[in-house]
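Reading through the structure tokens given below for one structure.
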Amino acid sequence: MTAAREAFLAGDTDAHVEEIARRAGVAVGTLYRHFDTREALVAEVYRQEVADLCAAPARLLAEHAPDEALRRFLLLLVEHAAVGRGMGEALESIMATDSPVFDDARSDMAHALDTLLTAGTAAGLVRPGVDGRLLLRALGGICGMRAHGWQQDAIRITELVHDGLRRTASPT
């Protein structure tokens with residue numbers, strides 16, 4: 001998995017299973033016993049990326065106030081989008097399959113956001129009425145920019161979105 005992840009993130013989209021097995025120091029048969037196709041390997045690398053990402057809210061909430069945990073997770077989502085771009089061509093190979101990997105990923109990320117939004121709302125730090133699915137869609141638009149320097153712009157826009165989510169005292 002590590003060798004495949006490194007190859008895909010490095011943009012080595014033509015890395016064949018044989019090359020990945022060599023980099024991992026295993027026989028190609030060993031790799032094929034675990035992943036019957038290259039697409040299955042790509043999907044599993046992506047699933048692991050998403051699982052690692054979606055494990056972050058618990059840690060962030062243990063270390064930070066809910067609004068700050070939300071901000072940090074939103075920035076992790078921007079970083080995840082950059083990783084996805086690095087894996088872009090490799091991920092395209094599974095887009096044509098019936099793999100549920102992207103639907104599952106969106107669901108898991110929305111659930112992670114719901115956890116943070118619920119904690120922030122309960123603490124009175126985040127405005128109510130926003131769910132993870134809606135926020136994830138907003139981030140999808142932000143991270144879908146194709147211009148040069150998109151990631152820095154996405155970070156700045158994400159900070160603005162976060163500011164809009166924070167509950168502030170009503171003027172008197």
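Just so we're on the same page: first chain in the structure tokens is A, next is B, and so on; residues restart at 1 for each chain, and ligands are numbered from 1 in the order they show up.
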Quick one: everything within 9 Å of region 47-52 of chain A, counting only C-alpha atoms, minus sequence neighbours fewer than 6 positions away in the same chain. Send it as a ChimeraX atom specification.
/A:1,5,80,83,101-102,104-105,108-109
For those residues, write C-alpha atoms to a file as a short mmCIF file (atom, residue, chain, number, x, y, z; two decimals), in the first residue's frame.
data_model
loop_
_atom_site.label_atom_id
_atom_site.label_comp_id
_atom_site.auth_asym_id
_atom_site.auth_seq_id
_atom_site.Cartn_x
_atom_site.Cartn_y
_atom_site.Cartn_z
CA MET A 1 0.00 0.00 0.00
CA ARG A 5 0.51 5.41 -2.52
CA HIS A 80 -6.93 15.90 0.82
CA VAL A 83 -3.62 14.58 -2.63
CA VAL A 101 -15.31 4.23 -3.48
CA PHE A 102 -16.22 7.86 -4.22
CA ASP A 104 -18.39 5.96 0.28
CA ALA A 105 -15.69 8.62 0.63
CA ASP A 108 -17.55 9.26 5.34
CA MET A 109 -16.28 12.84 4.96
#
Could I get the residues of region 17-90 of chain A with an atom no further than 9 Å from an atom of region 128-152 of chain A, each paired with its nearest atom pair and that distance in Å to one decimal, using only C-alpha atoms, sorted by chain and residue number, as a Markdown table?
| residue | atom | partner | partner_atom | distance |
| --- | --- | --- | --- | --- |
| A:Leu74 | CA | A:Leu139 | CA | 8.1 |
| A:Leu77 | CA | A:Leu139 | CA | 7.9 |
| A:Val78 | CA | A:Cys143 | CA | 6.5 |
| A:Glu79 | CA | A:Gln151 | CA | 8.0 |
| A:Ala81 | CA | A:Cys143 | CA | 6.4 |
| A:Ala82 | CA | A:Gln151 | CA | 7.2 |
Tell me, in Å to one decimal, how far CA of Gly120 (chain A) is from CA of Ala55 (chain A).
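Pair CA of Gly120 (chain A) / CA of Ala55 (chain A) returns 17.4 Å.
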